[in-house]
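Structure file upload.pdb with PDB, C-alpha atoms:
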```pdb
MODEL        1
ATOM      1  CA  MET B   1       0.000   0.000   0.000
ATOM      2  CA  VAL B   2       2.796   2.379   0.815
ATOM      3  CA  ASP B   3       4.963   1.047  -2.001
ATOM      4  CA  ALA B   4       4.063   3.875  -4.347
ATOM      5  CA  VAL B   5       4.986   6.581  -1.885
ATOM      6  CA  LEU B   6       8.271   4.907  -1.020
ATOM      7  CA  PHE B   7       9.172   4.591  -4.645
ATOM      8  CA  GLU B   8       8.350   8.236  -5.354
ATOM      9  CA  LEU B   9      10.453   9.400  -2.442
ATOM     10  CA  LEU B  10      13.341   7.170  -3.453
ATOM     11  CA  HIS B  11      13.138   8.408  -7.019
ATOM     12  CA  THR B  12      13.076  12.051  -5.949
ATOM     13  CA  GLU B  13      16.115  11.474  -3.784
ATOM     14  CA  MET B  14      17.958   9.651  -6.595
ATOM     15  CA  VAL B  15      17.447  12.557  -8.958
ATOM     16  CA  ALA B  16      18.456  15.076  -6.311
ATOM     17  CA  GLU B  17      21.571  13.139  -5.388
ATOM     18  CA  LEU B  18      22.764  12.727  -8.951
ATOM     19  CA  TRP B  19      22.246  16.394  -9.670
ATOM     20  CA  ALA B  20      23.694  17.792  -6.462
ATOM     21  CA  PRO B  21      27.232  18.572  -7.702
ATOM     22  CA  ASP B  22      25.865  20.238 -10.822
ATOM     23  CA  SER B  23      23.149  22.300  -9.247
ATOM     24  CA  ASP B  24      24.870  25.609  -9.823
ATOM     25  CA  LEU B  25      25.776  24.971 -13.451
ATOM     26  CA  ASP B  26      23.688  25.957 -16.407
ATOM     27  CA  PRO B  27      21.379  23.025 -17.201
ATOM     28  CA  GLY B  28      21.716  23.125 -20.928
ATOM     29  CA  PRO B  29      22.817  20.433 -23.376
ATOM     30  CA  GLY B  30      26.135  22.273 -23.403
ATOM     31  CA  VAL B  31      29.045  20.440 -24.876
ATOM     32  CA  SER B  32      31.417  23.335 -24.271
ATOM     33  CA  ALA B  33      31.259  23.662 -20.473
ATOM     34  CA  GLY B  34      33.721  20.971 -19.398
ATOM     35  CA  ARG B  35      32.258  19.284 -16.391
ATOM     36  CA  GLY B  36      28.845  20.832 -16.503
ATOM     37  CA  GLY B  37      27.496  19.371 -19.711
ATOM     38  CA  ARG B  38      29.245  16.061 -19.285
ATOM     39  CA  GLY B  39      28.169  15.688 -15.663
ATOM     40  CA  GLN B  40      24.534  16.195 -16.583
ATOM     41  CA  ARG B  41      24.574  13.713 -19.377
ATOM     42  CA  THR B  42      26.321  11.142 -17.189
ATOM     43  CA  SER B  43      23.689  11.604 -14.507
ATOM     44  CA  LEU B  44      20.941  11.033 -17.054
ATOM     45  CA  GLN B  45      22.748   7.938 -18.289
ATOM     46  CA  VAL B  46      23.161   6.606 -14.779
ATOM     47  CA  LEU B  47      19.461   7.092 -14.057
ATOM     48  CA  GLU B  48      18.546   5.435 -17.321
ATOM     49  CA  GLY B  49      20.881   2.555 -16.552
ATOM     50  CA  VAL B  50      19.273   2.027 -13.170
ATOM     51  CA  GLY B  51      15.850   2.062 -14.808
ATOM     52  CA  PHE B  52      17.082  -0.418 -17.407
ATOM     53  CA  ARG B  53      18.143  -3.013 -14.823
ATOM     54  CA  VAL B  54      14.884  -2.613 -12.917
ATOM     55  CA  GLY B  55      12.986  -2.973 -16.182
ATOM     56  CA  GLN B  56      14.830  -6.206 -16.946
ATOM     57  CA  ALA B  57      13.827  -7.680 -13.606
ATOM     58  CA  LEU B  58      10.217  -6.498 -13.956
ATOM     59  CA  GLY B  59      10.076  -7.882 -17.475
ATOM     60  CA  GLU B  60      10.796 -11.276 -15.973
ATOM     61  CA  ARG B  61       8.507 -11.026 -12.963
ATOM     62  CA  LEU B  62       5.365  -9.365 -14.221
ATOM     63  CA  PRO B  63       4.397 -11.518 -17.231
ATOM     64  CA  ARG B  64       4.803 -14.672 -15.171
ATOM     65  CA  GLU B  65       1.189 -15.740 -15.031
ATOM     66  CA  MET B  66       0.367 -14.473 -18.468
ATOM     67  CA  LEU B  67       0.313 -16.512 -21.605
ATOM     68  CA  ALA B  68       2.967 -15.948 -24.203
ATOM     69  CA  PHE B  69       2.804 -12.756 -26.242
ATOM     70  CA  ARG B  70       1.895 -13.198 -29.839
ATOM     71  CA  GLU B  71       3.236  -9.992 -31.331
ATOM     72  CA  GLU B  72       4.824  -6.627 -30.671
ATOM     73  CA  LEU B  73       1.571  -4.811 -30.124
ATOM     74  CA  ASP B  74       0.709  -7.231 -27.328
ATOM     75  CA  VAL B  75       3.985  -6.404 -25.633
ATOM     76  CA  LEU B  76       3.285  -2.678 -25.879
ATOM     77  CA  LYS B  77      -0.194  -3.175 -24.506
ATOM     78  CA  PHE B  78       1.339  -5.117 -21.637
ATOM     79  CA  LEU B  79       3.624  -2.159 -20.971
ATOM     80  CA  CYS B  80       0.753   0.296 -20.953
ATOM     81  CA  LYS B  81      -1.554  -1.744 -18.777
ATOM     82  CA  ASP B  82       0.381  -4.127 -16.563
ATOM     83  CA  LEU B  83       3.750  -2.433 -16.165
ATOM     84  CA  TRP B  84       2.255   0.985 -15.595
ATOM     85  CA  GLY B  85      -0.335  -0.538 -13.259
ATOM     86  CA  ALA B  86       2.308  -2.279 -11.208
ATOM     87  CA  VAL B  87       4.720   0.630 -10.957
ATOM     88  CA  PHE B  88       2.430   3.674 -10.970
ATOM     89  CA  GLN B  89      -0.946   2.214  -9.993
ATOM     90  CA  LYS B  90      -2.604   3.553 -13.078
ATOM     91  CA  GLN B  91      -2.697   2.755 -16.764
ATOM     92  CA  MET B  92      -1.216   4.669 -19.630
ATOM     93  CA  ASP B  93      -3.723   6.999 -21.173
ATOM     94  CA  SER B  94      -3.097   6.401 -24.822
ATOM     95  CA  LEU B  95      -0.962   4.339 -27.153
ATOM     96  CA  ARG B  96      -0.468   5.318 -30.757
ATOM     97  CA  THR B  97       1.568   3.691 -33.451
ATOM     98  CA  ASN B  98       2.508   4.239 -37.008
ATOM     99  CA  HIS B  99       2.804   0.490 -37.543
ATOM    100  CA  GLN B 100       6.365   0.995 -38.689
ATOM    101  CA  GLY B 101       7.928   0.356 -35.318
ATOM    102  CA  THR B 102       7.324   3.688 -33.586
ATOM    103  CA  TYR B 103       4.967   3.895 -30.640
ATOM    104  CA  ILE B 104       3.892   6.951 -28.692
ATOM    105  CA  LEU B 105       2.738   6.333 -25.146
ATOM    106  CA  GLN B 106       0.935   9.220 -23.593
ATOM    107  CA  ASP B 107       0.295   9.804 -19.943
ATOM    108  CA  SER B 108      -1.722  12.849 -19.054
ATOM    109  CA  SER B 109      -0.857  12.804 -15.386
ATOM    110  CA  PHE B 110       2.478  11.140 -14.825
ATOM    111  CA  PRO B 111       2.810  10.330 -11.117
ATOM    112  CA  LEU B 112       6.473  11.277 -10.879
ATOM    113  CA  LEU B 113       5.778  14.718 -12.333
ATOM    114  CA  VAL B 114       2.538  15.456 -10.539
ATOM    115  CA  HIS B 115       4.321  16.734  -7.480
ATOM    116  CA  VAL B 116       6.813  18.822  -9.420
ATOM    117  CA  GLY B 117       4.305  21.281 -10.695
ATOM    118  CA  SER B 118       1.653  21.835 -13.287
ATOM    119  CA  GLY B 119       1.741  23.867 -16.419
ATOM    120  CA  LEU B 120       4.900  25.319 -17.856
ATOM    121  CA  GLN B 121       6.811  26.013 -14.677
ATOM    122  CA  TYR B 122       9.903  23.822 -14.179
ATOM    123  CA  LEU B 123       9.696  22.519 -17.730
ATOM    124  CA  GLU B 124      13.510  22.377 -17.981
ATOM    125  CA  GLU B 125      13.737  20.197 -14.896
ATOM    126  CA  ALA B 126      11.305  17.634 -16.237
ATOM    127  CA  PRO B 127      13.722  15.434 -18.276
ATOM    128  CA  LYS B 128      15.653  14.290 -15.236
ATOM    129  CA  PHE B 129      12.489  12.904 -13.725
ATOM    130  CA  LEU B 130      11.773  10.927 -16.860
ATOM    131  CA  ALA B 131      15.176   9.312 -17.380
ATOM    132  CA  PHE B 132      14.525   6.457 -14.972
ATOM    133  CA  THR B 133      11.202   5.651 -16.595
ATOM    134  CA  CYS B 134      12.717   5.649 -20.077
ATOM    135  CA  GLY B 135      15.236   3.124 -18.840
ATOM    136  CA  LEU B 136      12.457   1.121 -17.242
ATOM    137  CA  LEU B 137      10.594   0.841 -20.533
ATOM    138  CA  ARG B 138      13.757  -0.032 -22.441
ATOM    139  CA  GLY B 139      14.736  -2.701 -19.917
ATOM    140  CA  THR B 140      11.365  -4.395 -19.923
ATOM    141  CA  LEU B 141      11.303  -4.414 -23.704
ATOM    142  CA  SER B 142      14.781  -5.877 -23.823
ATOM    143  CA  THR B 143      13.848  -8.797 -21.544
ATOM    144  CA  LEU B 144      10.863  -9.469 -23.750
ATOM    145  CA  GLY B 145      13.144  -9.631 -26.744
ATOM    146  CA  ILE B 146      12.671  -6.197 -28.325
ATOM    147  CA  LYS B 147      15.580  -3.825 -28.799
ATOM    148  CA  SER B 148      14.416  -0.276 -28.705
ATOM    149  CA  LEU B 149      15.211   3.358 -28.105
ATOM    150  CA  VAL B 150      13.022   5.219 -25.681
ATOM    151  CA  SER B 151      12.850   8.978 -25.325
ATOM    152  CA  ALA B 152      10.488  11.210 -23.458
ATOM    153  CA  SER B 153       9.097  14.673 -24.030
ATOM    154  CA  VAL B 154       7.045  17.018 -21.944
ATOM    155  CA  ALA B 155       4.810  19.724 -23.322
ATOM    156  CA  ALA B 156       3.182  20.782 -20.082
ATOM    157  CA  LEU B 157       3.540  19.155 -16.700
ATOM    158  CA  PRO B 158       2.341  16.668 -15.658
ATOM    159  CA  ALA B 159       1.472  15.277 -19.067
ATOM    160  CA  CYS B 160       4.257  13.541 -20.900
ATOM    161  CA  LYS B 161       4.867  11.356 -23.919
ATOM    162  CA  PHE B 162       7.227   8.437 -24.260
ATOM    163  CA  GLN B 163       8.380   7.578 -27.739
ATOM    164  CA  VAL B 164       9.487   3.999 -28.318
ATOM    165  CA  VAL B 165      11.323   3.270 -31.541
ATOM    166  CA  ILE B 166      11.852  -0.417 -32.198
ATOM    167  CA  GLU B 167      15.175  -1.242 -33.795
ATOM    168  CA  ARG B 168      14.707  -3.602 -36.634
ATOM    169  CA  SER B 169      17.751  -5.624 -37.587
TER     170      SER B 169
ATOM    171  CA  MET Q   1      12.118 -37.061  -9.722
ATOM    172  CA  ALA Q   2      13.961 -34.890 -12.107
ATOM    173  CA  VAL Q   3      17.224 -36.316 -13.278
ATOM    174  CA  CYS Q   4      18.500 -33.227 -15.020
ATOM    175  CA  VAL Q   5      17.421 -29.600 -15.001
ATOM    176  CA  ALA Q   6      18.649 -26.973 -17.409
ATOM    177  CA  VAL Q   7      17.981 -23.277 -17.877
ATOM    178  CA  ILE Q   8      18.784 -22.062 -21.378
ATOM    179  CA  ALA Q   9      19.048 -18.387 -22.251
ATOM    180  CA  LYS Q  10      17.416 -16.650 -25.169
ATOM    181  CA  GLU Q  11      20.528 -17.035 -27.282
ATOM    182  CA  ASN Q  12      20.539 -20.792 -26.641
ATOM    183  CA  TYR Q  13      23.456 -21.050 -24.277
ATOM    184  CA  PRO Q  14      23.026 -22.687 -20.884
ATOM    185  CA  LEU Q  15      22.645 -20.472 -17.856
ATOM    186  CA  TYR Q  16      22.363 -23.374 -15.477
ATOM    187  CA  ILE Q  17      22.597 -27.081 -16.009
ATOM    188  CA  ARG Q  18      22.692 -29.704 -13.327
ATOM    189  CA  SER Q  19      22.129 -33.421 -13.319
ATOM    190  CA  VAL Q  20      22.009 -36.083 -10.684
ATOM    191  CA  PRO Q  21      25.573 -37.312 -10.600
ATOM    192  CA  THR Q  22      25.719 -40.576 -12.517
ATOM    193  CA  GLU Q  23      28.265 -42.140 -14.793
ATOM    194  CA  ASN Q  24      27.995 -39.938 -17.788
ATOM    195  CA  GLU Q  25      26.625 -36.457 -17.285
ATOM    196  CA  LEU Q  26      27.550 -35.672 -20.833
ATOM    197  CA  LYS Q  27      24.639 -37.787 -22.028
ATOM    198  CA  PHE Q  28      22.222 -35.452 -20.272
ATOM    199  CA  HIS Q  29      23.933 -32.404 -21.625
ATOM    200  CA  TYR Q  30      23.589 -33.862 -25.086
ATOM    201  CA  MET Q  31      19.919 -34.656 -24.547
ATOM    202  CA  VAL Q  32      19.226 -31.129 -23.426
ATOM    203  CA  HIS Q  33      21.058 -29.795 -26.437
ATOM    204  CA  THR Q  34      19.075 -31.892 -28.876
ATOM    205  CA  SER Q  35      15.827 -30.987 -27.163
ATOM    206  CA  LEU Q  36      16.431 -27.338 -28.035
ATOM    207  CA  ASP Q  37      15.540 -28.129 -31.624
ATOM    208  CA  VAL Q  38      12.231 -29.575 -30.553
ATOM    209  CA  VAL Q  39      11.587 -26.533 -28.386
ATOM    210  CA  ASP Q  40      12.201 -24.222 -31.316
ATOM    211  CA  GLU Q  41       9.860 -26.279 -33.467
ATOM    212  CA  LYS Q  42       7.110 -26.070 -30.895
ATOM    213  CA  ILE Q  43       7.527 -22.337 -30.469
ATOM    214  CA  SER Q  44       7.342 -21.627 -34.164
ATOM    215  CA  ALA Q  45       4.443 -24.045 -34.595
ATOM    216  CA  MET Q  46       2.506 -22.246 -31.905
ATOM    217  CA  GLY Q  47       3.299 -18.942 -33.466
ATOM    218  CA  LYS Q  48       1.832 -19.928 -36.777
ATOM    219  CA  ALA Q  49      -1.203 -21.704 -35.402
ATOM    220  CA  LEU Q  50      -4.363 -19.684 -35.299
ATOM    221  CA  VAL Q  51      -4.809 -20.370 -31.603
ATOM    222  CA  ASP Q  52      -5.575 -17.271 -29.649
ATOM    223  CA  GLN Q  53      -3.585 -18.118 -26.575
ATOM    224  CA  ARG Q  54      -0.163 -19.556 -26.305
ATOM    225  CA  GLU Q  55       0.845 -21.640 -23.347
ATOM    226  CA  LEU Q  56       4.169 -21.374 -21.600
ATOM    227  CA  TYR Q  57       4.312 -25.062 -20.774
ATOM    228  CA  LEU Q  58       5.400 -27.031 -23.832
ATOM    229  CA  GLY Q  59       4.764 -30.517 -22.549
ATOM    230  CA  LEU Q  60       6.602 -33.686 -23.412
ATOM    231  CA  LEU Q  61       9.280 -32.896 -25.957
ATOM    232  CA  TYR Q  62      10.395 -36.382 -26.776
ATOM    233  CA  PRO Q  63      10.577 -39.683 -24.973
ATOM    234  CA  THR Q  64      13.545 -42.007 -25.055
ATOM    235  CA  GLU Q  65      13.640 -45.531 -23.684
ATOM    236  CA  ASP Q  66      14.843 -44.457 -20.254
ATOM    237  CA  TYR Q  67      13.937 -40.837 -19.957
ATOM    238  CA  LYS Q  68      11.320 -38.266 -20.840
ATOM    239  CA  VAL Q  69      12.162 -34.677 -21.628
ATOM    240  CA  TYR Q  70       9.781 -31.821 -20.801
ATOM    241  CA  GLY Q  71      10.048 -28.218 -21.845
ATOM    242  CA  TYR Q  72       8.797 -24.795 -20.757
ATOM    243  CA  VAL Q  73       9.456 -21.402 -22.272
ATOM    244  CA  THR Q  74       8.990 -18.054 -20.566
ATOM    245  CA  ASN Q  75       7.894 -14.771 -22.075
ATOM    246  CA  SER Q  76      11.493 -13.658 -22.140
ATOM    247  CA  LYS Q  77      12.368 -16.680 -24.307
ATOM    248  CA  VAL Q  78      14.305 -18.370 -21.529
ATOM    249  CA  LYS Q  79      13.790 -22.113 -21.777
ATOM    250  CA  PHE Q  80      13.616 -24.626 -18.989
ATOM    251  CA  VAL Q  81      14.287 -28.238 -19.868
ATOM    252  CA  MET Q  82      13.732 -31.066 -17.461
ATOM    253  CA  VAL Q  83      14.692 -34.702 -17.932
ATOM    254  CA  VAL Q  84      12.831 -37.209 -15.785
ATOM    255  CA  ASP Q  85      13.257 -40.890 -15.236
ATOM    256  CA  SER Q  86      10.734 -43.008 -17.109
ATOM    257  CA  SER Q  87      11.062 -45.939 -14.791
ATOM    258  CA  ASN Q  88       8.957 -44.673 -11.930
ATOM    259  CA  THR Q  89       5.225 -44.453 -12.398
ATOM    260  CA  ALA Q  90       4.397 -41.793 -14.876
ATOM    261  CA  LEU Q  91       4.406 -38.390 -13.281
ATOM    262  CA  ARG Q  92       1.184 -36.597 -13.902
ATOM    263  CA  ASP Q  93       1.148 -33.539 -16.080
ATOM    264  CA  ASN Q  94       0.097 -31.362 -13.148
ATOM    265  CA  GLU Q  95       3.131 -32.337 -11.179
ATOM    266  CA  ILE Q  96       5.466 -31.448 -14.012
ATOM    267  CA  ARG Q  97       3.672 -28.148 -14.443
ATOM    268  CA  SER Q  98       4.036 -27.320 -10.772
ATOM    269  CA  MET Q  99       7.724 -28.188 -10.898
ATOM    270  CA  PHE Q 100       8.169 -25.811 -13.797
ATOM    271  CA  ARG Q 101       6.239 -23.130 -11.992
ATOM    272  CA  LYS Q 102       8.565 -23.380  -9.008
ATOM    273  CA  LEU Q 103      11.544 -23.250 -11.316
ATOM    274  CA  HIS Q 104      10.159 -20.146 -12.985
ATOM    275  CA  ASN Q 105       9.591 -18.464  -9.632
ATOM    276  CA  SER Q 106      13.123 -19.225  -8.489
ATOM    277  CA  TYR Q 107      14.536 -17.979 -11.765
ATOM    278  CA  THR Q 108      12.567 -14.745 -11.406
ATOM    279  CA  ASP Q 109      14.043 -14.282  -7.951
ATOM    280  CA  VAL Q 110      17.553 -14.705  -9.314
ATOM    281  CA  MET Q 111      16.779 -12.182 -12.044
ATOM    282  CA  CYS Q 112      15.590  -9.633  -9.490
ATOM    283  CA  ASN Q 113      18.816  -9.942  -7.544
ATOM    284  CA  PRO Q 114      20.627  -6.638  -8.180
ATOM    285  CA  PHE Q 115      24.001  -8.344  -8.056
ATOM    286  CA  TYR Q 116      23.101 -10.752 -10.787
ATOM    287  CA  ASN Q 117      23.866  -9.569 -14.311
ATOM    288  CA  PRO Q 118      21.372 -10.921 -16.818
ATOM    289  CA  GLY Q 119      23.157 -13.307 -19.118
ATOM    290  CA  ASP Q 120      25.620 -14.611 -16.560
ATOM    291  CA  ARG Q 121      25.716 -18.194 -15.457
ATOM    292  CA  ILE Q 122      23.775 -18.938 -12.304
ATOM    293  CA  GLN Q 123      26.559 -20.080 -10.056
ATOM    294  CA  SER Q 124      26.450 -20.644  -6.364
ATOM    295  CA  ARG Q 125      30.139 -20.715  -5.707
ATOM    296  CA  GLN Q 126      32.259 -17.633  -6.077
ATOM    297  CA  ARG Q 127      35.714 -17.417  -4.605
ATOM    298  CA  VAL Q 128      36.721 -13.859  -5.335
ATOM    299  CA  GLU Q 129      38.590 -12.036  -2.614
ATOM    300  CA  GLY Q 130      37.812  -8.491  -1.734
ATOM    301  CA  GLN Q 131      34.214  -8.335  -2.850
ATOM    302  CA  VAL Q 132      32.761 -10.706  -0.360
ATOM    303  CA  SER Q 133      29.953  -8.507   0.863
ATOM    304  CA  SER Q 134      28.270  -7.976  -2.488
ATOM    305  CA  LEU Q 135      28.835 -11.533  -3.600
ATOM    306  CA  ASN Q 136      27.237 -12.911  -0.457
ATOM    307  CA  TRP Q 137      23.884 -11.829  -1.821
ATOM    308  CA  THR Q 138      24.516 -13.505  -5.156
ATOM    309  CA  VAL Q 139      25.712 -16.631  -3.437
ATOM    310  CA  SER Q 140      22.721 -16.838  -1.148
ATOM    311  CA  LEU Q 141      20.185 -16.335  -3.926
ATOM    312  CA  CYS Q 142      21.858 -18.748  -6.299
ATOM    313  CA  ARG Q 143      22.097 -21.152  -3.435
ATOM    314  CA  ALA Q 144      18.370 -20.848  -2.987
ATOM    315  CA  PHE Q 145      17.944 -21.649  -6.678
ATOM    316  CA  ASP Q 146      20.331 -24.568  -6.334
ATOM    317  CA  SER Q 147      18.588 -25.973  -3.298
ATOM    318  CA  MET Q 148      15.221 -25.683  -5.006
ATOM    319  CA  VAL Q 149      16.560 -27.719  -7.915
ATOM    320  CA  THR Q 150      18.022 -30.246  -5.491
ATOM    321  CA  SER Q 151      14.655 -30.675  -3.813
ATOM    322  CA  MET Q 152      13.105 -31.315  -7.223
ATOM    323  CA  MET Q 153      15.599 -34.045  -7.859
ATOM    324  CA  ILE Q 154      14.959 -35.769  -4.573
ATOM    325  CA  GLN Q 155      11.213 -35.792  -4.672
ATOM    326  CA  VAL Q 156       8.367 -34.739  -6.839
ATOM    327  CA  CYS Q 157       6.898 -31.429  -5.732
TER     328      CYS Q 157
ENDMDL
END
```

Before anything else, please render the file you have as structure tokens.
Amino acid sequence: MVDAVLFELLHTEMVAELWAPDSDLDPGPGVSAGRGGRGQRTSLQVLEGVGFRVGQALGERLPREMLAFREELDVLKFLCKDLWGAVFQKQMDSLRTNHQGTYILQDSSFPLLVHVGSGLQYLEEAPKFLAFTCGLLRGTLSTLGIKSLVSASVAALPACKFQVVIERS
Amino acid sequence: MAVCVAVIAKENYPLYIRSVPTENELKFHYMVHTSLDVVDEKISAMGKALVDQRELYLGLLYPTEDYKVYGYVTNSKVKFVMVVDSSNTALRDNEIRSMFRKLHNSYTDVMCNPFYNPGDRIQSRQRVEGQVSSLNWTVSLCRAFDSMVTSMMIQVC
């Protein structure tokens, strides 16, 4: 029952901890500023890596009682319903696809962003709260046999979109 | 009474293989290896069939004169293969299914272990100096997996 709260607090602390040394530097995608730009990107990568490992474990544990997936769309539906339900206690609001391997998952009230703010305030801070979840999606997909690239975008808090691009070999 | 239990990764290399120590363990290894073909056949057959649902339990793969080989595939394409002795009274399907379910649960626990890297062998003995504290977790969880497999070999569960 308290799992959700604990996870949110842990996540907030993770983001804060990874950003602490860089808090006074300009949070841009700067390549020029030596440690600043690199430190930020490393922090995002670390968060995404953590999310990836968690996603791998969840990808093994959650589909346990379910029957085998028939196709990619089933896997994405599993992500939207079961994974989101288990981690965030709600389902994804919409799933769109272009049938060419790109999927857009939309969440109109993302639980990790709800407490950050609403509207356009703190828009620049939003990406760091989404890195873990991008890794989570990528990890779960990788356990289920799908290599992908996941990115997230925010137009206005707390709504956000995750874009999953499946790599076809 | 399972005689040999194997966990095969997605890329068809063994993550864990253990057999009751008898004269030639290699025979069991070979049987598991040949059963992989049958597993692949069953998976692709199920994929093409117009059945709505696909089961994880694959059933009897092939019988030999002394042994029967059963298979199970997870959603992450990790395969479990179990070789049982034919001589004792035929184990019911339910019992085999429950054995596979326990195996799947134990495997999931190993996967959730943060010190286990997916794709590594599931070993329960690590003698590396200097990193004892983190490896203790790996050892204890793999030992749990090991002891679960041992209990399956001693009695049907």

*Between CA of Asp146 (chain Q) and CA of Arg18 (chain Q), distance in Å (one decimal)*: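 Answer for the CA of Asp146 (chain Q) to CA of Arg18 (chain Q) separation: 9.0 Å.
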
*Using all atoms listed in the file, find the residues of chain B whose closest atom to chain Q is at most 7 Å away, then write them as a count of residues only.*
11

*Compute the distance from (7.4, -37.1, -14.1) to each atom, counting only C-alpha atoms, keep the residues with any atom at most 10 Å away, and return them as number ranges by chain; use the coordinates of the file.*
Q: 1-3, 60, 67-70, 82-97, 99, 156

Test item: which residues lie within 10 Å of (23.0, 15.2, -8.9) counting all atoms listed in the file, as a PDB file with C-alpha atoms, in the frame of the given file:
```pdb
ATOM      1  CA  GLU B  13      16.115  11.474  -3.784  1.00  0.00           C
ATOM      2  CA  MET B  14      17.958   9.651  -6.595  1.00  0.00           C
ATOM      3  CA  VAL B  15      17.447  12.557  -8.958  1.00  0.00           C
ATOM      4  CA  ALA B  16      18.456  15.076  -6.311  1.00  0.00           C
ATOM      5  CA  GLU B  17      21.571  13.139  -5.388  1.00  0.00           C
ATOM      6  CA  LEU B  18      22.764  12.727  -8.951  1.00  0.00           C
ATOM      7  CA  TRP B  19      22.246  16.394  -9.670  1.00  0.00           C
ATOM      8  CA  ALA B  20      23.694  17.792  -6.462  1.00  0.00           C
ATOM      9  CA  PRO B  21      27.232  18.572  -7.702  1.00  0.00           C
ATOM     10  CA  ASP B  22      25.865  20.238 -10.822  1.00  0.00           C
ATOM     11  CA  SER B  23      23.149  22.300  -9.247  1.00  0.00           C
ATOM     12  CA  GLY B  39      28.169  15.688 -15.663  1.00  0.00           C
ATOM     13  CA  GLN B  40      24.534  16.195 -16.583  1.00  0.00           C
ATOM     14  CA  THR B  42      26.321  11.142 -17.189  1.00  0.00           C
ATOM     15  CA  SER B  43      23.689  11.604 -14.507  1.00  0.00           C
ATOM     16  CA  LEU B  44      20.941  11.033 -17.054  1.00  0.00           C
ATOM     17  CA  LYS B 128      15.653  14.290 -15.236  1.00  0.00           C
TER      18      LYS B 128
END
```

*Please indicate the distance in Å from CA of Ala4 (chain B) to CA of Cys160 (chain B), rounded to one decimal place.*
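About the pair CA of Ala4 (chain B) and CA of Cys160 (chain B): they are 19.2 Å apart.
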
How big is the axis-aligned box, and where does its centre sit, when it encloses all atoms of region 76-82 of chain Q listed in the file and has 6 Å added on every side, reported in Å to one decimal as AutoDock Vina command-line options?
```
--center_x 12.9 --center_y -22.4 --center_z -20.9 --size_x 14.8 --size_y 29.4 --size_z 18.8
```

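If only C-alpha atoms are the atoms counted, then among Q:Ile8, Q:Val20, Q:Leu58, Q:Ala45 the closest residue to Val32 (chain Q) is Q:Ile8.
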
*Could you tell me which of B:Val116, B:Leu62, B:Ala155, B:Ile166 comes closest to Tyr103 (chain B) if we count all atoms listed in the file?*
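Smallest distance to Tyr103 (chain B) is found for B:Ile166.
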
_Distance query Gly119 (chain Q) at most 10 Å, only C-alpha atoms, self and fewer than 3 positions along chain excluded, as a ChimeraX atom specification_ = /Q:9-11,13-15,111,116,122

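The space between CA of Trp84 (chain B) and CA of Phe115 (chain Q) spans 24.8 Å.
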
*Taking the file as shown, what set of residues would the PyMOL selection byres ((chain B and resi 118) around 10) give back, as a PyMOL selection string?*
chain B and resi 109+113-117+119-123+156-159

*Choose the residue, out of Q:Leu103, Q:Val38, Q:Arg121, Q:Tyr72, that has the smallest atom-to-atom separation from Ser147 (chain Q); count all atoms listed in the file.*
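Going through Q:Leu103, Q:Val38, Q:Arg121, Q:Tyr72 one by one, the smallest distance to Ser147 (chain Q) is for Q:Leu103.
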